[in-house]
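Text of the file target.cif, holding mmCIF, C-alpha atoms:
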data_upload
#
loop_
_atom_site.group_PDB
_atom_site.id
_atom_site.type_symbol
_atom_site.label_atom_id
_atom_site.label_comp_id
_atom_site.auth_asym_id
_atom_site.auth_seq_id
_atom_site.Cartn_x
_atom_site.Cartn_y
_atom_site.Cartn_z
ATOM 1 C CA MET A 1 7.686 12.742 7.884
ATOM 2 C CA THR A 2 6.972 13.300 11.576
ATOM 3 C CA PHE A 3 6.697 10.536 14.166
ATOM 4 C CA GLN A 4 3.018 11.439 14.644
ATOM 5 C CA LYS A 5 2.336 10.850 10.964
ATOM 6 C CA LEU A 6 4.178 7.529 11.133
ATOM 7 C CA HIS A 7 2.048 6.524 14.132
ATOM 8 C CA ASN A 8 -1.164 7.514 12.356
ATOM 9 C CA LEU A 9 -0.244 5.585 9.205
ATOM 10 C CA ILE A 10 0.577 2.383 11.101
ATOM 11 C CA ALA A 11 -2.538 2.720 13.278
ATOM 12 C CA ALA A 12 -4.694 3.107 10.154
ATOM 13 C CA ASP A 13 -3.030 0.063 8.554
ATOM 14 C CA LEU A 14 -3.574 -1.981 11.717
ATOM 15 C CA TYR A 15 -7.235 -1.000 11.954
ATOM 16 C CA ARG A 16 -7.907 -2.510 8.528
ATOM 17 C CA TYR A 17 -7.036 -5.996 9.794
ATOM 18 C CA GLU A 18 -9.311 -6.277 12.825
ATOM 19 C CA ALA A 19 -11.021 -2.908 13.464
ATOM 20 C CA ARG A 20 -8.796 -2.411 16.522
ATOM 21 C CA CYS A 21 -5.499 -0.623 16.981
ATOM 22 C CA GLY A 22 -4.178 -1.240 20.500
ATOM 23 C CA PHE A 23 -0.708 -2.458 21.403
ATOM 24 C CA LYS A 24 -1.882 -6.062 21.892
ATOM 25 C CA ASP A 25 -3.589 -5.910 18.504
ATOM 26 C CA PHE A 26 -0.337 -4.653 16.980
ATOM 27 C CA LEU A 27 1.581 -7.625 18.385
ATOM 28 C CA LYS A 28 -1.128 -10.054 17.284
ATOM 29 C CA GLN A 29 -1.132 -8.831 13.690
ATOM 30 C CA TRP A 30 2.658 -8.504 13.608
ATOM 31 C CA PHE A 31 3.074 -12.213 14.330
ATOM 32 C CA ARG A 32 0.041 -13.354 12.322
ATOM 33 C CA GLU A 33 -0.088 -11.229 9.158
ATOM 34 C CA SER A 34 2.886 -11.025 6.814
ATOM 35 C CA GLY A 35 1.186 -8.169 4.963
ATOM 36 C CA PHE A 36 1.019 -6.078 8.110
ATOM 37 C CA ARG A 37 4.664 -6.794 8.995
ATOM 38 C CA PHE A 38 5.698 -5.731 5.502
ATOM 39 C CA THR A 39 3.668 -2.523 5.770
ATOM 40 C CA VAL A 40 5.190 -1.604 9.154
ATOM 41 C CA VAL A 41 8.743 -2.110 7.863
ATOM 42 C CA MET A 42 7.905 -0.102 4.736
ATOM 43 C CA ARG A 43 6.515 2.778 6.823
ATOM 44 C CA LEU A 44 9.550 2.708 9.136
ATOM 45 C CA CYS A 45 11.881 2.949 6.138
ATOM 46 C CA GLY A 46 10.100 6.083 4.962
ATOM 47 C CA TRP A 47 10.215 7.671 8.413
ATOM 48 C CA LEU A 48 13.838 6.810 9.118
ATOM 49 C CA ARG A 49 14.902 8.092 5.703
ATOM 50 C CA SER A 50 13.441 11.484 6.617
ATOM 51 C CA GLN A 51 15.398 11.708 9.895
ATOM 52 C CA TRP A 52 18.908 13.162 9.680
ATOM 53 C CA TRP A 53 20.103 11.169 12.703
ATOM 54 C CA SER A 54 19.291 7.791 11.130
ATOM 55 C CA ARG A 55 20.799 8.229 7.666
ATOM 56 C CA TYR A 56 23.824 6.048 8.466
ATOM 57 C CA GLY A 57 22.430 3.638 11.029
ATOM 58 C CA LEU A 58 18.897 2.461 11.679
ATOM 59 C CA TYR A 59 17.689 3.525 8.231
ATOM 60 C CA HIS A 60 20.082 1.159 6.451
ATOM 61 C CA LEU A 61 19.251 -1.677 8.824
ATOM 62 C CA MET A 62 15.526 -1.228 8.149
ATOM 63 C CA LEU A 63 16.170 -0.847 4.411
ATOM 64 C CA TRP A 64 18.032 -4.178 4.441
ATOM 65 C CA LYS A 65 15.067 -5.767 6.233
ATOM 66 C CA HIS A 66 12.684 -4.252 3.667
ATOM 67 C CA HIS A 67 14.716 -5.649 0.758
ATOM 68 C CA ARG A 68 14.834 -9.076 2.381
ATOM 69 C CA MET A 69 11.042 -9.083 2.777
ATOM 70 C CA GLN A 70 10.596 -7.985 -0.833
ATOM 71 C CA ILE A 71 12.644 -10.950 -2.023
ATOM 72 C CA ARG A 72 11.001 -13.386 0.379
ATOM 73 C CA TYR A 73 7.444 -12.519 -0.644
ATOM 74 C CA GLY A 74 8.081 -11.357 -4.199
ATOM 75 C CA ALA A 75 6.309 -8.128 -3.271
ATOM 76 C CA TYR A 76 7.991 -5.005 -4.587
ATOM 77 C CA ILE A 77 6.293 -2.063 -2.887
ATOM 78 C CA GLU A 78 8.794 0.729 -2.374
ATOM 79 C CA TYR A 79 8.736 2.782 0.807
ATOM 80 C CA SER A 80 9.137 5.947 -1.293
ATOM 81 C CA ALA A 81 5.806 5.448 -3.084
ATOM 82 C CA GLN A 82 3.018 7.763 -1.952
ATOM 83 C CA ILE A 83 0.686 5.370 -0.114
ATOM 84 C CA GLY A 84 -2.108 6.528 2.183
ATOM 85 C CA GLY A 85 -3.083 5.041 5.522
ATOM 86 C CA GLY A 86 -5.171 1.919 5.868
ATOM 87 C CA LEU A 87 -3.252 -0.222 3.380
ATOM 88 C CA TYR A 88 -4.400 -3.864 3.495
ATOM 89 C CA LEU A 89 -2.260 -6.646 2.028
ATOM 90 C CA GLY A 90 -4.292 -9.761 2.703
ATOM 91 C CA HIS A 91 -2.001 -12.217 0.904
ATOM 92 C CA LEU A 92 1.432 -10.746 0.417
ATOM 93 C CA CYS A 93 2.714 -12.376 -2.751
ATOM 94 C CA ALA A 94 3.800 -11.103 -6.183
ATOM 95 C CA ILE A 95 2.573 -7.522 -5.721
ATOM 96 C CA ILE A 96 4.464 -5.099 -7.964
ATOM 97 C CA THR A 97 4.035 -1.317 -7.759
ATOM 98 C CA ASN A 98 5.879 1.467 -9.526
ATOM 99 C CA VAL A 99 8.100 3.484 -7.216
ATOM 100 C CA ARG A 100 6.235 6.699 -8.129
ATOM 101 C CA CYS A 101 2.669 5.409 -8.030
ATOM 102 C CA VAL A 102 0.077 7.068 -5.797
ATOM 103 C CA ILE A 103 -2.262 4.924 -3.684
ATOM 104 C CA GLY A 104 -5.003 6.533 -1.589
ATOM 105 C CA ASP A 105 -6.340 5.735 1.879
ATOM 106 C CA ASN A 106 -7.921 2.404 2.864
ATOM 107 C CA CYS A 107 -6.982 0.462 -0.252
ATOM 108 C CA THR A 108 -6.762 -3.315 -0.581
ATOM 109 C CA LEU A 109 -4.115 -4.916 -2.793
ATOM 110 C CA SER A 110 -4.649 -8.623 -3.425
ATOM 111 C CA HIS A 111 -1.907 -11.025 -4.477
ATOM 112 C CA GLY A 112 -0.606 -10.718 -8.007
ATOM 113 C CA VAL A 113 -1.521 -7.044 -8.404
ATOM 114 C CA THR A 114 0.624 -4.950 -10.746
ATOM 115 C CA ILE A 115 0.576 -1.138 -10.741
ATOM 116 C CA GLY A 116 2.912 -0.147 -13.543
ATOM 117 C CA LYS A 117 4.153 2.629 -15.749
ATOM 118 C CA THR A 118 3.679 2.746 -19.508
ATOM 119 C CA HIS A 119 5.706 4.734 -22.005
ATOM 120 C CA ASP A 120 5.022 7.085 -24.908
ATOM 121 C CA ARG A 121 3.669 4.463 -27.306
ATOM 122 C CA SER A 122 0.687 3.754 -25.053
ATOM 123 C CA LYS A 123 -2.556 5.720 -25.154
ATOM 124 C CA HIS A 124 -2.118 6.931 -21.553
ATOM 125 C CA PRO A 125 1.611 7.084 -20.802
ATOM 126 C CA GLY A 126 2.640 7.587 -17.208
ATOM 127 C CA ILE A 127 2.031 6.165 -13.744
ATOM 128 C CA PRO A 128 -1.340 5.208 -12.186
ATOM 129 C CA VAL A 129 -3.076 7.084 -9.404
ATOM 130 C CA ILE A 130 -5.284 4.926 -7.172
ATOM 131 C CA GLY A 131 -8.076 6.679 -5.261
ATOM 132 C CA ASP A 132 -9.407 6.029 -1.755
ATOM 133 C CA ARG A 133 -11.184 2.844 -0.636
ATOM 134 C CA VAL A 134 -10.243 0.929 -3.784
ATOM 135 C CA TYR A 135 -10.219 -2.874 -3.986
ATOM 136 C CA LEU A 136 -7.789 -4.435 -6.469
ATOM 137 C CA GLY A 137 -8.557 -8.102 -7.064
ATOM 138 C CA CYS A 138 -5.937 -10.823 -7.433
ATOM 139 C CA GLY A 139 -3.966 -10.623 -10.652
ATOM 140 C CA ALA A 140 -5.272 -7.174 -11.583
ATOM 141 C CA ALA A 141 -2.974 -4.985 -13.699
ATOM 142 C CA ILE A 142 -3.285 -1.192 -13.568
ATOM 143 C CA LEU A 143 -1.156 0.272 -16.344
ATOM 144 C CA GLY A 144 -0.343 3.805 -17.478
ATOM 145 C CA GLY A 145 -1.122 7.356 -16.523
ATOM 146 C CA ILE A 146 -4.693 6.630 -15.466
ATOM 147 C CA ARG A 147 -6.781 7.237 -12.369
ATOM 148 C CA ILE A 148 -8.748 4.595 -10.497
ATOM 149 C CA GLY A 149 -11.634 6.456 -8.861
ATOM 150 C CA ASP A 150 -12.590 6.420 -5.194
ATOM 151 C CA ASP A 151 -14.708 3.494 -3.919
ATOM 152 C CA SER A 152 -14.086 1.411 -7.033
ATOM 153 C CA VAL A 153 -13.360 -2.281 -7.579
ATOM 154 C CA VAL A 154 -11.038 -3.864 -10.117
ATOM 155 C CA ALA A 155 -12.038 -7.484 -10.656
ATOM 156 C CA PRO A 156 -9.477 -10.312 -10.561
ATOM 157 C CA ASN A 157 -7.212 -10.593 -13.611
ATOM 158 C CA ALA A 158 -8.562 -7.383 -15.134
ATOM 159 C CA VAL A 159 -6.224 -5.222 -17.196
ATOM 160 C CA VAL A 160 -7.033 -1.542 -16.701
ATOM 161 C CA ILE A 161 -5.621 0.882 -19.281
ATOM 162 C CA ALA A 162 -8.158 3.727 -19.007
ATOM 163 C CA ASP A 163 -9.596 5.872 -16.218
ATOM 164 C CA VAL A 164 -12.116 4.240 -13.872
ATOM 165 C CA PRO A 165 -14.916 6.473 -12.528
ATOM 166 C CA ASP A 166 -15.693 6.747 -8.816
ATOM 167 C CA GLY A 167 -17.777 3.857 -7.494
ATOM 168 C CA ALA A 168 -17.338 1.652 -10.560
ATOM 169 C CA VAL A 169 -16.741 -2.085 -10.738
ATOM 170 C CA VAL A 170 -14.570 -2.959 -13.722
ATOM 171 C CA GLY A 171 -13.401 -6.249 -15.193
ATOM 172 C CA GLY A 172 -12.115 -7.874 -18.335
ATOM 173 C CA ILE A 173 -9.220 -7.420 -20.769
ATOM 174 C CA PRO A 174 -9.224 -4.545 -21.379
ATOM 175 C CA ALA A 175 -11.352 -3.644 -18.374
ATOM 176 C CA ARG A 176 -14.793 -2.117 -18.838
ATOM 177 C CA VAL A 177 -17.416 -0.937 -16.371
ATOM 178 C CA LEU A 178 -19.579 -3.816 -15.160
ATOM 179 C CA SER A 179 -21.633 -1.952 -12.557
ATOM 180 C CA MET A 180 -21.646 1.113 -10.314
ATOM 181 C CA GLU A 181 -22.036 -0.770 -7.026
ATOM 182 C CA GLY A 182 -18.676 0.407 -5.673
ATOM 183 C CA SER A 183 -16.366 -1.176 -3.118
ATOM 184 C CA ALA A 184 -18.749 -1.365 -0.148
ATOM 185 C CA GLY A 185 -18.436 -4.897 1.234
ATOM 186 C CA TYR A 186 -15.022 -5.383 -0.362
ATOM 187 C CA VAL A 187 -13.145 -2.752 1.630
ATOM 188 C CA SER A 188 -13.903 -3.340 5.307
ATOM 189 C CA ASN A 189 -12.693 -1.786 8.578
ATOM 190 C CA VAL A 190 -12.175 1.606 6.971
ATOM 191 C CA ALA A 191 -9.772 3.639 9.102
ATOM 192 C CA VAL A 192 -10.860 7.219 9.671
ATOM 193 C CA THR A 193 -7.583 8.302 11.295
ATOM 194 C CA ILE A 194 -6.266 11.511 9.759
ATOM 195 C CA VAL A 195 -2.846 10.603 8.434
ATOM 196 C CA SER A 196 -1.956 13.769 6.525
ATOM 197 C CA GLU A 197 -1.394 16.028 9.534
ATOM 198 C CA GLY A 198 2.038 16.919 10.813
ATOM 199 C CA GLY A 199 3.801 17.551 7.534
ATOM 200 C CA SER A 200 5.381 15.191 5.071
#

Any chance you could give the structure as structure tokens?
Amino acid sequence: MTFQKLHNLIAADLYRYEARCGFKDFLKQWFRESGFRFTVVMRLCGWLRSQWWSRYGLYHLMLWKHHRMQIRYGAYIEYSAQIGGGLYLGHLCAIITNVRCVIGDNCTLSHGVTIGKTHDRSKHPGIPVIGDRVYLGCGAAILGGIRIGDDSVVAPNAVVIADVPDGAVVGGIPARVLSMEGSAGYVSNVAVTIVSEGGS
């Protein structure tokens, strides 16, 4: 990961909180939003891990900080997961994601969200892929090798064990499509910063 990509990812994350991404805005959100602080530390871990000069110094210090924050908030989001820019963690508490999950750009993870792997006995074994501009309500569980489509909403406490089409609103146990109104109004301050440039 290049420094430019790190900058773009953090700027996109910051923009989700207040539609601004200046240095003063960074400091404001750093001291005010635990979700943003967690995201910054997570991004720094990923960047430092990719730099040969930090393998035995700053990387381990930041990794220690990341582990401490995971324990403090009960939020286990690994820095090695493939997570796009514009991640919004409004209430950082009890969020569990598989280390190999894929989360797209401008997604919102509410408290209590679980994104987990299922094994061979399930209908869709594997690890979830979350599309872009997806809103996951509090307590939602996304389980198995399924895809949550772009611009979709998973209602609170829903258990999703099958693919969700683009623009769908799903809810229930197991989740079913409730409407096709999409995530407009749920996912705000969408960051348009290109975060994929500059290599991985």

message = I'd like to know which of A:His119, A:Phe38, A:Leu109, A:Gly46 is closest to A:Ala140, using all atoms listed in the file.
response =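 Answer, going by the shortest atom-to-atom distance: A:Leu109.
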
task = Specify as a PyMOL selection string each residue included when the PyMOL selection byres ((chain A and resi 39-42) around 8) is applied to this file.
result = chain A and resi 10+13+35-38+43-46+62+65-66+78-79+87

query = So what does the PyMOL selection byres ((chain A and resi 180-194) around 7) actually pick up in this one, as a list in words?
reply =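 Evaluating the PyMOL selection byres ((chain A and resi 180-194) around 7) on these coordinates yields Asn8, Ala12, Tyr15, Arg16, Ala19, Gly86, Asn106, Thr108, Arg133, Val134, Tyr135, Asp151, Ser152, Val153, Gly167, Ala168, Val169, Ser179, Val195, Ser196 and Glu197 of chain A.
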
message = Residue by residue, what does the PyMOL selection byres ((chain A and resi 59) around 10) grab here? Present the result as JSON, numbers by chain.
response = {"A": [44, 45, 46, 47, 48, 49, 50, 51, 52, 53, 54, 55, 56, 57, 58, 60, 61, 62, 63, 64, 65]}

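The environment of A:Lys28 within 12 Å, counting all atoms listed in the file and disregarding residues fewer than 5 places along the same chain, consists of Leu14, Tyr17, Glu18, Arg20, Cys21, Gly22, Phe23, Glu33, Ser34, Phe36 and Arg37 of chain A.
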
message = Would you compute the distance between atom CA of A:Ala75 and atom CA of A:Leu136? Give it in Å to one decimal.
response = 14.9 Å

inquiry  = What's the separation between atom CA of A:Asp132 and atom CA of A:Ile96, in Å to one decimal place?
reply    =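 Between these atoms lies a distance of 18.8 Å.
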
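For A:Ile127, the residues within 6 Å (counting all atoms listed in the file, excluding itself and residues fewer than 2 positions away along the chain) are A:Cys101, A:Lys117, A:Gly144, A:Gly145.
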
ask   = Which of these residues is nearest to A:Asp163, using all atoms listed in the file: A:Leu92, A:Val129, A:Leu178, A:Ala81?
value =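 For A:Asp163, the nearest of the given residues is A:Val129.
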
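The spacing separating atom CA of A:Thr97 from atom CA of A:Asp120 amounts to 19.1 Å.
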
inquiry  = List as a list in words the protein and nucleic acid residues near A:Tyr73, meaning an atom at most 7 Å away when all atoms listed in the file are counted, but skip any in the same chain fewer than 2 places from it.
reply    =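 In the requested form, the answer reads Met69, Gln70, Ile71, Ala75, Leu92, Cys93 and Ala94 of chain A.
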
ask   = Nearest to A:Gly112 among A:Ile130, A:Ile83, A:Val170, A:Leu89, with distances taken over all atoms listed in the file: which residue is it?
value =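 Residue with the minimum atom-to-atom distance to A:Gly112: A:Leu89.
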
task = Go through A:Ile115, A:Val102, A:Leu9, A:Ile148 and flag the residue nearest A:Gly85, using all atoms listed in the file for the distances.
result = A:Leu9

Using the incomplete input, complete stretch 47-72 of chain A to the level of N, CA and C atoms; output as an mmCIF file, in the coordinates of the input.
data_model
loop_
_atom_site.group_PDB
_atom_site.id
_atom_site.type_symbol
_atom_site.label_atom_id
_atom_site.label_comp_id
_atom_site.auth_asym_id
_atom_site.auth_seq_id
_atom_site.Cartn_x
_atom_site.Cartn_y
_atom_site.Cartn_z
ATOM 1 N N TRP A 47 10.005 6.746 7.296
ATOM 2 C CA TRP A 47 10.215 7.671 8.413
ATOM 3 C C TRP A 47 11.696 7.840 8.723
ATOM 4 N N LEU A 48 12.419 6.736 8.802
ATOM 5 C CA LEU A 48 13.838 6.810 9.118
ATOM 6 C C LEU A 48 14.622 7.542 8.032
ATOM 7 N N ARG A 49 14.213 7.387 6.792
ATOM 8 C CA ARG A 49 14.902 8.092 5.703
ATOM 9 C C ARG A 49 14.765 9.605 5.854
ATOM 10 N N SER A 50 13.678 10.045 6.471
ATOM 11 C CA SER A 50 13.441 11.484 6.617
ATOM 12 C C SER A 50 14.130 12.078 7.850
ATOM 13 N N GLN A 51 14.747 11.231 8.667
ATOM 14 C CA GLN A 51 15.398 11.708 9.895
ATOM 15 C C GLN A 51 16.908 11.799 9.684
ATOM 16 N N TRP A 52 17.477 12.974 9.908
ATOM 17 C CA TRP A 52 18.908 13.162 9.680
ATOM 18 C C TRP A 52 19.757 12.251 10.548
ATOM 19 N N TRP A 53 19.299 11.940 11.765
ATOM 20 C CA TRP A 53 20.103 11.169 12.703
ATOM 21 C C TRP A 53 20.162 9.683 12.367
ATOM 22 N N SER A 54 19.317 9.230 11.427
ATOM 23 C CA SER A 54 19.291 7.791 11.130
ATOM 24 C C SER A 54 19.859 7.456 9.757
ATOM 25 N N ARG A 55 20.361 8.444 9.045
ATOM 26 C CA ARG A 55 20.799 8.229 7.666
ATOM 27 C C ARG A 55 21.887 7.165 7.540
ATOM 28 N N TYR A 56 22.705 6.983 8.560
ATOM 29 C CA TYR A 56 23.824 6.048 8.466
ATOM 30 C C TYR A 56 23.752 4.953 9.532
ATOM 31 N N GLY A 57 22.551 4.653 9.991
ATOM 32 C CA GLY A 57 22.430 3.638 11.029
ATOM 33 C C GLY A 57 21.155 2.835 10.888
ATOM 34 N N LEU A 58 20.151 3.208 11.659
ATOM 35 C CA LEU A 58 18.897 2.461 11.679
ATOM 36 C C LEU A 58 18.227 2.410 10.319
ATOM 37 N N TYR A 59 18.321 3.497 9.552
ATOM 38 C CA TYR A 59 17.689 3.525 8.231
ATOM 39 C C TYR A 59 18.207 2.388 7.359
ATOM 40 N N HIS A 60 19.516 2.198 7.308
ATOM 41 C CA HIS A 60 20.082 1.159 6.451
ATOM 42 C C HIS A 60 19.752 -0.244 6.955
ATOM 43 N N LEU A 61 19.663 -0.389 8.268
ATOM 44 C CA LEU A 61 19.251 -1.677 8.824
ATOM 45 C C LEU A 61 17.814 -1.999 8.417
ATOM 46 N N MET A 62 16.921 -1.017 8.527
ATOM 47 C CA MET A 62 15.526 -1.228 8.149
ATOM 48 C C MET A 62 15.388 -1.408 6.645
ATOM 49 N N LEU A 63 16.190 -0.689 5.870
ATOM 50 C CA LEU A 63 16.170 -0.847 4.411
ATOM 51 C C LEU A 63 16.592 -2.252 4.011
ATOM 52 N N TRP A 64 17.606 -2.793 4.685
ATOM 53 C CA TRP A 64 18.032 -4.178 4.441
ATOM 54 C C TRP A 64 16.899 -5.146 4.741
ATOM 55 N N LYS A 65 16.209 -4.920 5.864
ATOM 56 C CA LYS A 65 15.067 -5.767 6.233
ATOM 57 C C LYS A 65 13.968 -5.670 5.186
ATOM 58 N N HIS A 66 13.707 -4.462 4.697
ATOM 59 C CA HIS A 66 12.684 -4.252 3.667
ATOM 60 C C HIS A 66 13.029 -5.009 2.387
ATOM 61 N N HIS A 67 14.289 -4.932 1.964
ATOM 62 C CA HIS A 67 14.716 -5.649 0.758
ATOM 63 C C HIS A 67 14.600 -7.157 0.938
ATOM 64 N N ARG A 68 14.957 -7.644 2.104
ATOM 65 C CA ARG A 68 14.834 -9.076 2.381
ATOM 66 C C ARG A 68 13.386 -9.532 2.288
ATOM 67 N N MET A 69 12.462 -8.732 2.827
ATOM 68 C CA MET A 69 11.042 -9.083 2.777
ATOM 69 C C MET A 69 10.520 -9.014 1.345
ATOM 70 N N GLN A 70 11.001 -8.054 0.567
ATOM 71 C CA GLN A 70 10.596 -7.985 -0.833
ATOM 72 C C GLN A 70 10.974 -9.258 -1.580
ATOM 73 N N ILE A 71 12.184 -9.730 -1.359
ATOM 74 C CA ILE A 71 12.644 -10.950 -2.023
ATOM 75 C C ILE A 71 11.885 -12.166 -1.518
ATOM 76 N N ARG A 72 11.676 -12.225 -0.214
ATOM 77 C CA ARG A 72 11.001 -13.386 0.379
ATOM 78 C C ARG A 72 9.583 -13.557 -0.150
#
